[in-house]
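Here's model18.pdb, which has PDB, C-alpha atoms and all ligand atoms:
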```
ATOM      1  CA  MET A   1     -15.540  20.925 -15.792  1.00  0.00           C
ATOM      2  CA  CYS A   2     -13.742  23.063 -13.200  1.00  0.00           C
ATOM      3  CA  GLY A   3     -10.790  21.274 -11.605  1.00  0.00           C
ATOM      4  CA  LYS A   4     -10.246  20.659  -7.898  1.00  0.00           C
ATOM      5  CA  LEU A   5      -7.330  19.489  -5.746  1.00  0.00           C
ATOM      6  CA  VAL A   6      -7.982  17.749  -2.426  1.00  0.00           C
ATOM      7  CA  VAL A   7      -5.088  16.749  -0.129  1.00  0.00           C
ATOM      8  CA  ASN A   8      -5.504  14.107   2.600  1.00  0.00           C
ATOM      9  CA  THR A   9      -2.546  14.219   4.951  1.00  0.00           C
ATOM     10  CA  GLY A  10      -1.421  13.303   8.475  1.00  0.00           C
ATOM     11  CA  SER A  11       0.619  10.574  10.140  1.00  0.00           C
ATOM     12  CA  MET A  12       0.593   6.874   9.351  1.00  0.00           C
ATOM     13  CA  PHE A  13      -2.682   5.141  10.409  1.00  0.00           C
ATOM     14  CA  SER A  14      -4.554   8.483  10.382  1.00  0.00           C
ATOM     15  CA  GLY A  15      -7.022   7.286   7.713  1.00  0.00           C
ATOM     16  CA  LYS A  16      -5.575   8.870   4.534  1.00  0.00           C
ATOM     17  CA  THR A  17      -5.953   5.778   2.329  1.00  0.00           C
ATOM     18  CA  THR A  18      -9.413   4.944   3.713  1.00  0.00           C
ATOM     19  CA  GLU A  19     -10.522   8.466   2.819  1.00  0.00           C
ATOM     20  CA  LEU A  20      -8.965   8.269  -0.682  1.00  0.00           C
ATOM     21  CA  LEU A  21     -10.858   5.026  -1.402  1.00  0.00           C
ATOM     22  CA  ARG A  22     -14.112   6.595  -0.139  1.00  0.00           C
ATOM     23  CA  GLN A  23     -13.582   9.682  -2.297  1.00  0.00           C
ATOM     24  CA  GLY A  24     -12.915   7.539  -5.381  1.00  0.00           C
ATOM     25  CA  LYS A  25     -16.024   5.376  -4.817  1.00  0.00           C
ATOM     26  CA  ARG A  26     -18.261   8.463  -4.891  1.00  0.00           C
ATOM     27  CA  HIS A  27     -16.958   9.388  -8.355  1.00  0.00           C
ATOM     28  CA  VAL A  28     -17.437   5.800  -9.563  1.00  0.00           C
ATOM     29  CA  LEU A  29     -21.077   6.088  -8.405  1.00  0.00           C
ATOM     30  CA  ALA A  30     -21.293   9.354 -10.356  1.00  0.00           C
ATOM     31  CA  LYS A  31     -20.154   7.350 -13.440  1.00  0.00           C
ATOM     32  CA  GLN A  32     -17.042   9.454 -13.954  1.00  0.00           C
ATOM     33  CA  LYS A  33     -13.777   8.041 -15.299  1.00  0.00           C
ATOM     34  CA  VAL A  34     -11.686   7.329 -12.190  1.00  0.00           C
ATOM     35  CA  LEU A  35      -7.964   6.484 -12.181  1.00  0.00           C
ATOM     36  CA  TYR A  36      -6.076   5.417  -9.036  1.00  0.00           C
ATOM     37  CA  ILE A  37      -2.276   5.816  -8.997  1.00  0.00           C
ATOM     38  CA  LYS A  38       0.405   4.639  -6.582  1.00  0.00           C
ATOM     39  CA  PRO A  39       4.224   4.827  -6.601  1.00  0.00           C
ATOM     40  CA  ASP A  40       6.162   1.687  -7.543  1.00  0.00           C
ATOM     41  CA  VAL A  41       8.206   1.850  -4.314  1.00  0.00           C
ATOM     42  CA  ASP A  42       5.128   1.098  -2.180  1.00  0.00           C
ATOM     43  CA  THR A  43       5.068  -2.705  -2.264  1.00  0.00           C
ATOM     44  CA  ARG A  44       3.935  -3.220   1.351  1.00  0.00           C
ATOM     45  CA  TYR A  45       0.578  -4.991   0.953  1.00  0.00           C
ATOM     46  CA  SER A  46       0.324  -5.330  -2.852  1.00  0.00           C
ATOM     47  CA  ARG A  47       2.242  -4.176  -5.920  1.00  0.00           C
ATOM     48  CA  ASN A  48      -0.644  -2.991  -8.086  1.00  0.00           C
ATOM     49  CA  GLU A  49      -3.357  -2.239  -5.535  1.00  0.00           C
ATOM     50  CA  ILE A  50      -3.904   0.553  -3.052  1.00  0.00           C
ATOM     51  CA  VAL A  51      -4.598  -1.154   0.292  1.00  0.00           C
ATOM     52  CA  SER A  52      -5.667   0.512   3.539  1.00  0.00           C
ATOM     53  CA  HIS A  53      -4.687  -0.737   6.997  1.00  0.00           C
ATOM     54  CA  THR A  54      -8.308  -1.851   7.406  1.00  0.00           C
ATOM     55  CA  GLY A  55      -7.988  -4.149   4.354  1.00  0.00           C
ATOM     56  CA  ASP A  56      -9.978  -2.094   1.792  1.00  0.00           C
ATOM     57  CA  TYR A  57      -8.302  -2.101  -1.608  1.00  0.00           C
ATOM     58  CA  THR A  58      -8.606  -1.090  -5.239  1.00  0.00           C
ATOM     59  CA  LYS A  59      -6.578  -1.628  -8.422  1.00  0.00           C
ATOM     60  CA  ALA A  60      -4.114   1.146  -9.231  1.00  0.00           C
ATOM     61  CA  MET A  61      -1.711   2.206 -11.970  1.00  0.00           C
ATOM     62  CA  ILE A  62       1.905   2.007 -10.752  1.00  0.00           C
ATOM     63  CA  LEU A  63       4.215   4.910 -11.620  1.00  0.00           C
ATOM     64  CA  SER A  64       7.887   5.531 -10.962  1.00  0.00           C
ATOM     65  CA  SER A  65       8.711   8.508  -8.766  1.00  0.00           C
ATOM     66  CA  ASP A  66       9.931  10.690 -11.679  1.00  0.00           C
ATOM     67  CA  GLU A  67       7.199   9.793 -14.216  1.00  0.00           C
ATOM     68  CA  MET A  68       5.884  12.489 -16.626  1.00  0.00           C
ATOM     69  CA  ILE A  69       2.253  12.020 -15.668  1.00  0.00           C
ATOM     70  CA  CYS A  70       0.875  14.482 -18.262  1.00  0.00           C
ATOM     71  CA  ASP A  71       2.136  12.199 -21.098  1.00  0.00           C
ATOM     72  CA  ILE A  72       0.139   9.159 -19.937  1.00  0.00           C
ATOM     73  CA  GLN A  73      -2.977   8.354 -21.979  1.00  0.00           C
ATOM     74  CA  GLU A  74      -4.951   6.907 -19.025  1.00  0.00           C
ATOM     75  CA  VAL A  75      -4.293  10.128 -17.097  1.00  0.00           C
ATOM     76  CA  ASN A  76      -5.514  12.301 -19.960  1.00  0.00           C
ATOM     77  CA  ASN A  77      -8.636  10.134 -20.352  1.00  0.00           C
ATOM     78  CA  ALA A  78      -9.574  10.274 -16.652  1.00  0.00           C
ATOM     79  CA  ASP A  79     -11.997  12.774 -15.099  1.00  0.00           C
ATOM     80  CA  VAL A  80     -10.806  12.003 -11.577  1.00  0.00           C
ATOM     81  CA  ILE A  81      -7.263  11.045 -10.496  1.00  0.00           C
ATOM     82  CA  LEU A  82      -6.506   9.699  -7.019  1.00  0.00           C
ATOM     83  CA  VAL A  83      -2.895   9.271  -5.887  1.00  0.00           C
ATOM     84  CA  ASP A  84      -1.888   7.383  -2.735  1.00  0.00           C
ATOM     85  CA  GLU A  85       1.483   7.655  -0.925  1.00  0.00           C
ATOM     86  CA  VAL A  86       2.159  10.837  -2.883  1.00  0.00           C
ATOM     87  CA  GLN A  87       5.170  11.695  -0.663  1.00  0.00           C
ATOM     88  CA  PHE A  88       7.176   9.023  -2.542  1.00  0.00           C
ATOM     89  CA  PHE A  89       6.996  11.004  -5.822  1.00  0.00           C
ATOM     90  CA  GLU A  90       9.519  13.662  -6.794  1.00  0.00           C
ATOM     91  CA  THR A  91       8.601  17.259  -5.996  1.00  0.00           C
ATOM     92  CA  GLY A  92       7.894  18.047  -9.681  1.00  0.00           C
ATOM     93  CA  MET A  93       4.847  15.755  -9.499  1.00  0.00           C
ATOM     94  CA  ALA A  94       3.105  18.446  -7.402  1.00  0.00           C
ATOM     95  CA  ILE A  95       3.473  20.908 -10.282  1.00  0.00           C
ATOM     96  CA  GLN A  96       2.261  18.343 -12.831  1.00  0.00           C
ATOM     97  CA  LEU A  97      -0.776  17.462 -10.689  1.00  0.00           C
ATOM     98  CA  ASN A  98      -1.604  21.153 -10.290  1.00  0.00           C
ATOM     99  CA  GLU A  99      -1.464  21.550 -14.091  1.00  0.00           C
ATOM    100  CA  LEU A 100      -3.956  18.684 -14.450  1.00  0.00           C
ATOM    101  CA  VAL A 101      -6.250  20.488 -11.990  1.00  0.00           C
ATOM    102  CA  ASN A 102      -5.914  23.692 -14.029  1.00  0.00           C
ATOM    103  CA  ASP A 103      -6.921  21.628 -17.095  1.00  0.00           C
ATOM    104  CA  GLY A 104     -10.185  20.672 -15.334  1.00  0.00           C
ATOM    105  CA  LYS A 105      -9.324  17.344 -13.656  1.00  0.00           C
ATOM    106  CA  ILE A 106     -10.429  16.503 -10.126  1.00  0.00           C
ATOM    107  CA  VAL A 107      -7.347  15.298  -8.239  1.00  0.00           C
ATOM    108  CA  TYR A 108      -7.189  13.702  -4.781  1.00  0.00           C
ATOM    109  CA  VAL A 109      -3.880  12.890  -3.112  1.00  0.00           C
ATOM    110  CA  SER A 110      -3.059  11.116   0.135  1.00  0.00           C
ATOM    111  CA  GLY A 111       0.363  11.278   1.711  1.00  0.00           C
ATOM    112  CA  LEU A 112       2.450  11.819   4.817  1.00  0.00           C
ATOM    113  CA  ASP A 113       3.068  15.443   5.789  1.00  0.00           C
ATOM    114  CA  LEU A 114       6.144  14.693   7.937  1.00  0.00           C
ATOM    115  CA  ASP A 115       8.888  12.061   7.891  1.00  0.00           C
ATOM    116  CA  PHE A 116       9.789  10.175  11.080  1.00  0.00           C
ATOM    117  CA  LYS A 117      12.153  13.004  12.081  1.00  0.00           C
ATOM    118  CA  GLY A 118       9.402  15.627  11.804  1.00  0.00           C
ATOM    119  CA  LYS A 119      10.693  17.115   8.520  1.00  0.00           C
ATOM    120  CA  PRO A 120       8.016  17.980   5.910  1.00  0.00           C
ATOM    121  CA  PHE A 121       7.877  16.110   2.611  1.00  0.00           C
ATOM    122  CA  LEU A 122       8.269  19.039   0.208  1.00  0.00           C
ATOM    123  CA  ILE A 123       5.886  17.596  -2.396  1.00  0.00           C
ATOM    124  CA  VAL A 124       3.086  17.376   0.193  1.00  0.00           C
ATOM    125  CA  ALA A 125       3.807  20.909   1.464  1.00  0.00           C
ATOM    126  CA  LEU A 126       3.501  22.182  -2.139  1.00  0.00           C
ATOM    127  CA  LEU A 127       0.323  20.227  -2.779  1.00  0.00           C
ATOM    128  CA  MET A 128      -1.176  21.665   0.423  1.00  0.00           C
ATOM    129  CA  ALA A 129      -0.425  25.152  -0.925  1.00  0.00           C
ATOM    130  CA  TYR A 130      -2.030  24.412  -4.315  1.00  0.00           C
ATOM    131  CA  ALA A 131      -5.030  22.614  -2.768  1.00  0.00           C
ATOM    132  CA  ASP A 132      -8.662  23.668  -2.729  1.00  0.00           C
ATOM    133  CA  VAL A 133      -9.223  21.465   0.319  1.00  0.00           C
ATOM    134  CA  VAL A 134      -6.727  20.076   2.866  1.00  0.00           C
ATOM    135  CA  ASN A 135      -7.912  17.287   5.186  1.00  0.00           C
ATOM    136  CA  LYS A 136      -5.457  16.847   8.031  1.00  0.00           C
ATOM    137  CA  PHE A 137      -6.124  13.560   9.797  1.00  0.00           C
ATOM    138  CA  LYS A 138      -4.904  12.329  13.166  1.00  0.00           C
ATOM    139  CA  ALA A 139      -4.154   8.756  14.217  1.00  0.00           C
ATOM    140  CA  VAL A 140      -4.409   7.695  17.868  1.00  0.00           C
ATOM    141  CA  CYS A 141      -1.119   8.045  19.770  1.00  0.00           C
ATOM    142  CA  ASN A 142       0.294   4.577  20.351  1.00  0.00           C
ATOM    143  CA  ASP A 143       1.557   5.467  23.837  1.00  0.00           C
ATOM    144  CA  CYS A 144      -1.124   7.701  25.428  1.00  0.00           C
ATOM    145  CA  GLY A 145      -4.224   7.768  23.195  1.00  0.00           C
ATOM    146  CA  SER A 146      -4.082  11.492  22.285  1.00  0.00           C
ATOM    147  CA  ASP A 147      -4.172  12.742  18.699  1.00  0.00           C
ATOM    148  CA  ALA A 148      -0.991  11.620  16.934  1.00  0.00           C
ATOM    149  CA  HIS A 149       1.215  14.141  15.171  1.00  0.00           C
ATOM    150  CA  ILE A 150       3.988  12.030  13.640  1.00  0.00           C
ATOM    151  CA  SER A 151       4.893   8.472  12.577  1.00  0.00           C
ATOM    152  CA  ALA A 152       7.888   7.484  14.715  1.00  0.00           C
ATOM    153  CA  LEU A 153      10.236   4.717  13.666  1.00  0.00           C
ATOM    154  CA  ASN A 154      10.536   1.916  16.228  1.00  0.00           C
ATOM    155  CA  GLU A 155      14.220   1.370  15.527  1.00  0.00           C
ATOM    156  CA  LEU A 156      17.430   3.405  15.177  1.00  0.00           C
ATOM    157  CA  GLN A 157      17.509   4.516  11.554  1.00  0.00           C
ATOM    158  CA  ASN A 158      18.938   7.203   9.309  1.00  0.00           C
ATOM    159  CA  GLU A 159      17.230   6.576   5.941  1.00  0.00           C
ATOM    160  CA  ARG A 160      14.348   8.954   5.220  1.00  0.00           C
ATOM    161  CA  VAL A 161      12.188   6.227   3.704  1.00  0.00           C
ATOM    162  CA  THR A 162      11.887   2.775   5.258  1.00  0.00           C
ATOM    163  CA  LEU A 163       8.947   0.731   4.008  1.00  0.00           C
ATOM    164  CA  GLY A 164       6.719  -0.660   6.709  1.00  0.00           C
ATOM    165  CA  ALA A 165       3.543  -0.322   8.727  1.00  0.00           C
ATOM    166  CA  GLY A 166       2.785  -1.235  12.343  1.00  0.00           C
ATOM    167  CA  ASP A 167       5.893  -3.417  12.469  1.00  0.00           C
ATOM    168  CA  LYS A 168       8.194  -0.414  11.929  1.00  0.00           C
ATOM    169  CA  TYR A 169       6.219   2.749  12.667  1.00  0.00           C
ATOM    170  CA  LYS A 170       4.002   3.959  15.487  1.00  0.00           C
ATOM    171  CA  PRO A 171       1.896   7.126  15.503  1.00  0.00           C
ATOM    172  CA  LEU A 172       2.782   9.377  18.451  1.00  0.00           C
ATOM    173  CA  CYS A 173       1.555  12.721  19.842  1.00  0.00           C
ATOM    174  CA  ARG A 174       4.088  15.554  20.303  1.00  0.00           C
ATOM    175  CA  CYS A 175       4.745  14.720  23.996  1.00  0.00           C
ATOM    176  CA  CYS A 176       5.209  10.974  23.450  1.00  0.00           C
ATOM    177  CA  TYR A 177       7.426  11.703  20.414  1.00  0.00           C
ATOM    178  CA  ASP A 178       9.670  13.793  22.692  1.00  0.00           C
ATOM    179  CA  ASN A 179       9.919  10.863  25.135  1.00  0.00           C
ATOM    180  CA  HIS A 180      10.593   8.522  22.207  1.00  0.00           C
ATOM    181  CA  LEU A 181      13.535  10.696  21.045  1.00  0.00           C
ATOM    182  CA  PHE A 182      14.889  10.732  24.603  1.00  0.00           C
ATOM    183  CA  ASN A 183      14.697   6.910  24.764  1.00  0.00           C
ATOM    184  CA  ILE A 184      16.488   6.623  21.409  1.00  0.00           C
ATOM    185  CA  GLU A 185      19.329   8.807  22.744  1.00  0.00           C
ATOM    186  CA  ILE A 186      19.576   6.561  25.832  1.00  0.00           C
ATOM    187  CA  GLN A 187      19.675   3.473  23.572  1.00  0.00           C
ATOM    188  CA  LYS A 188      22.478   5.037  21.500  1.00  0.00           C
ATOM    189  CA  LEU A 189      24.479   5.859  24.638  1.00  0.00           C
ATOM    190  CA  LYS A 190      23.983   2.312  25.963  1.00  0.00           C
ATOM    191  CA  MET A 191      25.212   0.893  22.650  1.00  0.00           C
ATOM    192  CA  GLU A 192      28.301   3.119  22.767  1.00  0.00           C
ATOM    193  CA  VAL A 193      29.071   2.023  26.344  1.00  0.00           C
ATOM    194  CA  LEU A 194      28.530  -1.668  25.514  1.00  0.00           C
ATOM    195  CA  GLY A 195      30.679  -1.250  22.419  1.00  0.00           C
ATOM    196  CA  ASN A 196      33.528   0.103  24.543  1.00  0.00           C
ATOM    197  CA  GLU A 197      33.270  -2.845  26.959  1.00  0.00           C
ATOM    198  CA  ILE A 198      33.328  -5.448  24.189  1.00  0.00           C
ATOM    199  CA  TYR A 199      36.247  -4.007  22.227  1.00  0.00           C
TER     200      TYR A 199
HETATM  201  P1  LIG A 201      -3.192   5.712   6.528  1.00  0.00           P
HETATM  202  O1  LIG A 201      -3.376   5.590   5.034  1.00  0.00           O
HETATM  203  O2  LIG A 201      -3.292   7.130   7.017  1.00  0.00           O
HETATM  204  O3  LIG A 201      -1.915   5.062   7.006  1.00  0.00           O
HETATM  205  P2  LIG A 201      -5.436   3.881   6.648  1.00  0.00           P
HETATM  206  O4  LIG A 201      -6.614   4.588   6.073  1.00  0.00           O
HETATM  207  O5  LIG A 201      -4.772   2.843   5.794  1.00  0.00           O
HETATM  208  O6  LIG A 201      -4.393   4.934   7.239  1.00  0.00           O
HETATM  209  O7  LIG A 201      -5.883   3.122   7.967  1.00  0.00           O
HETATM  210  C1  LIG A 201      -6.586   3.740   9.028  1.00  0.00           C
HETATM  211  C2  LIG A 201      -7.021   2.641   9.992  1.00  0.00           C
HETATM  212  O8  LIG A 201      -5.908   2.164  10.724  1.00  0.00           O
HETATM  213  C3  LIG A 201      -7.989   3.085  11.069  1.00  0.00           C
HETATM  214  O9  LIG A 201      -9.315   3.124  10.585  1.00  0.00           O
HETATM  215  C4  LIG A 201      -7.808   2.000  12.119  1.00  0.00           C
HETATM  216  O10 LIG A 201      -8.663   0.904  11.845  1.00  0.00           O
HETATM  217  C5  LIG A 201      -6.375   1.516  11.893  1.00  0.00           C
HETATM  218  N1  LIG A 201      -5.434   1.854  12.983  1.00  0.00           N
HETATM  219  C6  LIG A 201      -4.466   1.044  13.462  1.00  0.00           C
HETATM  220  N2  LIG A 201      -3.737   1.675  14.416  1.00  0.00           N
HETATM  221  C7  LIG A 201      -4.253   2.920  14.551  1.00  0.00           C
HETATM  222  C8  LIG A 201      -3.923   4.066  15.365  1.00  0.00           C
HETATM  223  N3  LIG A 201      -2.918   4.052  16.237  1.00  0.00           N
HETATM  224  N4  LIG A 201      -4.670   5.184  15.212  1.00  0.00           N
HETATM  225  C9  LIG A 201      -5.695   5.204  14.326  1.00  0.00           C
HETATM  226  N5  LIG A 201      -6.058   4.171  13.527  1.00  0.00           N
HETATM  227  C10 LIG A 201      -5.345   3.037  13.634  1.00  0.00           C
HETATM  228 MG    MG A 202      -2.079   4.886   3.545  1.00  0.00          MG
HETATM  229 ZN    ZN A 203       0.972  10.399  23.302  1.00  0.00          ZN
END
```
Represent the structure from my file as structure tokens, please.
Amino acid sequence: MCGKLVVNTGSMFSGKTTELLRQGKRHVLAKQKVLYIKPDVDTRYSRNEIVSHTGDYTKAMILSSDEMICDIQEVNNADVILVDEVQFFETGMAIQLNELVNDGKIVYVSGLDLDFKGKPFLIVALLMAYADVVNKFKAVCNDCGSDAHISALNELQNERVTLGAGDKYKPLCRCCYDNHLFNIEIQKLKMEVLGNEIY
């Protein structure tokens, strides 16, 4: 069998997991050996299931971010491998997944293209370069209803990865993201001023 790599990417709520589950179901119907994988850090809805924001779910193998995927028996036995939240894996996983594709596996991945600051996740950028097909999805901007470009964090934060969904993140278009950054700066200034008054 000739391998294939398909990348589903875009902001949070853009439909990446829904699409991954749909893609996997088609291969189950085709009676191929399907293996779903997710990173162990993604514990939001379930530890050992991939769950979409619409409530669809499927069982998945949990791997740590630096796992040597090519050494895993279930991976070698599978015809089709589907990985959700792929941005949480180390960059080397992109090279390993591409090797599996070169060995004839069909691989689907879903993951964020950009972090909440607008910086690309390198692993997803690499996978997009290796891919046969890239599906770039758009959520609906939380503030104006246009196509969303980025998942903005609702709170002041410096960590690159903060687990959460609608409670923490909101999809925004480029214009509303600009306004959001402006509001964050105002909040920071207000906090500085208040801080000076209190102390
Ligand atoms: P992703 O994996 O990209 O975060 P999911 O496939 O889990 O997305 O969920 C997509 C679903 O999220 C949509 O079908 C819709 O029902 C829901 N949703 C909630 N908020 C939004 C939004 N702002 N834009 C688009 N879809 C949204
Ligand atoms: Mg998802
Ligand atoms: Zn907007």
Inset, instruction - I would like the residues chosen by the PyMOL selection byres (((chain A and resi 55) around 12) and not hetatm) on the shown file; could you give them as number ranges by chain? - result: A: 15, 17-18, 21, 45-46, 49-54, 56-58
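Residue nearest A:Lys31 within the list A:Leu97, A:Ile62, A:Ala78, A:Val83: A:Ala78 [criterion: smallest interatomic distance, all atoms listed in the file].
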Inset, instruction - Let me have all residues with an atom within 9 Å of ligand LIG 201 (chain A), counting only C-alpha atoms and all ligand atoms, laid out as JSON, numbers by chain. - result: {"A": [8, 9, 10, 11, 12, 13, 14, 15, 16, 17, 18, 19, 20, 21, 51, 52, 53, 54, 55, 56, 84, 85, 110, 111, 112, 137, 138, 139, 140, 141, 142, 143, 145, 147, 148, 165, 166, 170, 171, 172]}
Inset, instruction - Mind checking which residues fall within 10 Å of A:Cys2, counting all atoms listed in the file, ignoring those fewer than 3 positions away in the same chain, and posting them as a ChimeraX atom specification? - result: /A:101-106
Only C-alpha atoms, please: the residues just picked out, written as a tab-separated table (two decimals), in the coordinates of the input.
```tsv
chain	number	residue	atom	x	y	z
A	101	VAL	CA	-6.25	20.49	-11.99
A	102	ASN	CA	-5.91	23.69	-14.03
A	103	ASP	CA	-6.92	21.63	-17.10
A	104	GLY	CA	-10.18	20.67	-15.33
A	105	LYS	CA	-9.32	17.34	-13.66
A	106	ILE	CA	-10.43	16.50	-10.13
```
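Each of A:Ala94, A:Asn154, A:Thr43, A:Glu99 was compared to A:Cys70 using only C-alpha atoms, and A:Glu99 turns out to be the nearest.
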Just need the box for stretch 59-74 of chain A, edges along x, y and z, holding every atom the file lists for it with 6 Å tacked onto each side, so centre and edge lengths in Å to one decimal, as JSON.
```
{"center_x": 1.7, "center_y": 6.4, "center_z": -15.2, "size_x": 28.5, "size_y": 28.1, "size_z": 25.6}
```
Inset, instruction - Output the residue selection produced by the PyMOL selection byres (((chain A and resi 89) around 7) and not hetatm) on the file above, formatted as a PyMOL selection string. - result: chain A and resi 39+65-66+86-88+90-91+93
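Our summary of the geometry notes that atom CA of A:Lys190 is positioned 23.0 Å from atom CA of A:Cys175.
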Could I get stretch 80-97 of chain A from the block written as a compact mmCIF listing (two decimals), in the first residue's frame, with N, CA and C atoms?
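Result file follows (selection_33.txt):
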```txt
# COMPACT_ATOMS: atom_id res chain seq x y z
N VAL A 80 -3.74 2.23 9.43
CA VAL A 80 -4.09 3.66 9.47
C VAL A 80 -3.85 4.18 10.88
N ILE A 81 -3.13 5.30 11.00
CA ILE A 81 -2.81 5.88 12.32
C ILE A 81 -3.37 7.30 12.34
N LEU A 82 -4.13 7.61 13.39
CA LEU A 82 -4.73 8.95 13.50
C LEU A 82 -4.30 9.57 14.82
N VAL A 83 -3.67 10.72 14.76
CA VAL A 83 -3.12 11.36 15.97
C VAL A 83 -3.84 12.69 16.21
N ASP A 84 -4.39 12.84 17.42
CA ASP A 84 -5.04 14.13 17.76
C ASP A 84 -4.10 14.95 18.64
N GLU A 85 -4.30 16.26 18.66
CA GLU A 85 -3.50 17.19 19.47
C GLU A 85 -2.00 16.97 19.22
N VAL A 86 -1.65 16.85 17.97
CA VAL A 86 -0.27 16.48 17.61
C VAL A 86 0.75 17.56 18.01
N GLN A 87 0.27 18.80 18.23
CA GLN A 87 1.19 19.89 18.60
C GLN A 87 1.84 19.64 19.96
N PHE A 88 1.26 18.75 20.79
CA PHE A 88 1.82 18.47 22.11
C PHE A 88 3.01 17.51 22.06
N PHE A 89 3.26 16.87 20.89
CA PHE A 89 4.40 15.96 20.78
C PHE A 89 5.67 16.74 20.41
N GLU A 90 6.82 16.12 20.73
CA GLU A 90 8.08 16.77 20.38
C GLU A 90 8.26 16.75 18.86
N THR A 91 9.08 17.69 18.38
CA THR A 91 9.22 17.90 16.94
C THR A 91 9.63 16.62 16.20
N GLY A 92 10.46 15.79 16.85
CA GLY A 92 10.94 14.54 16.24
C GLY A 92 9.81 13.60 15.84
N MET A 93 8.64 13.75 16.45
CA MET A 93 7.49 12.90 16.10
C MET A 93 7.08 13.13 14.64
N ALA A 94 7.29 14.34 14.13
CA ALA A 94 6.94 14.63 12.73
C ALA A 94 7.79 13.75 11.80
N ILE A 95 9.07 13.61 12.16
CA ILE A 95 9.98 12.81 11.32
C ILE A 95 9.59 11.33 11.42
N GLN A 96 9.28 10.88 12.63
CA GLN A 96 8.86 9.48 12.80
C GLN A 96 7.58 9.19 12.03
N LEU A 97 6.60 10.11 12.10
CA LEU A 97 5.34 9.89 11.39
C LEU A 97 5.57 9.86 9.89
```
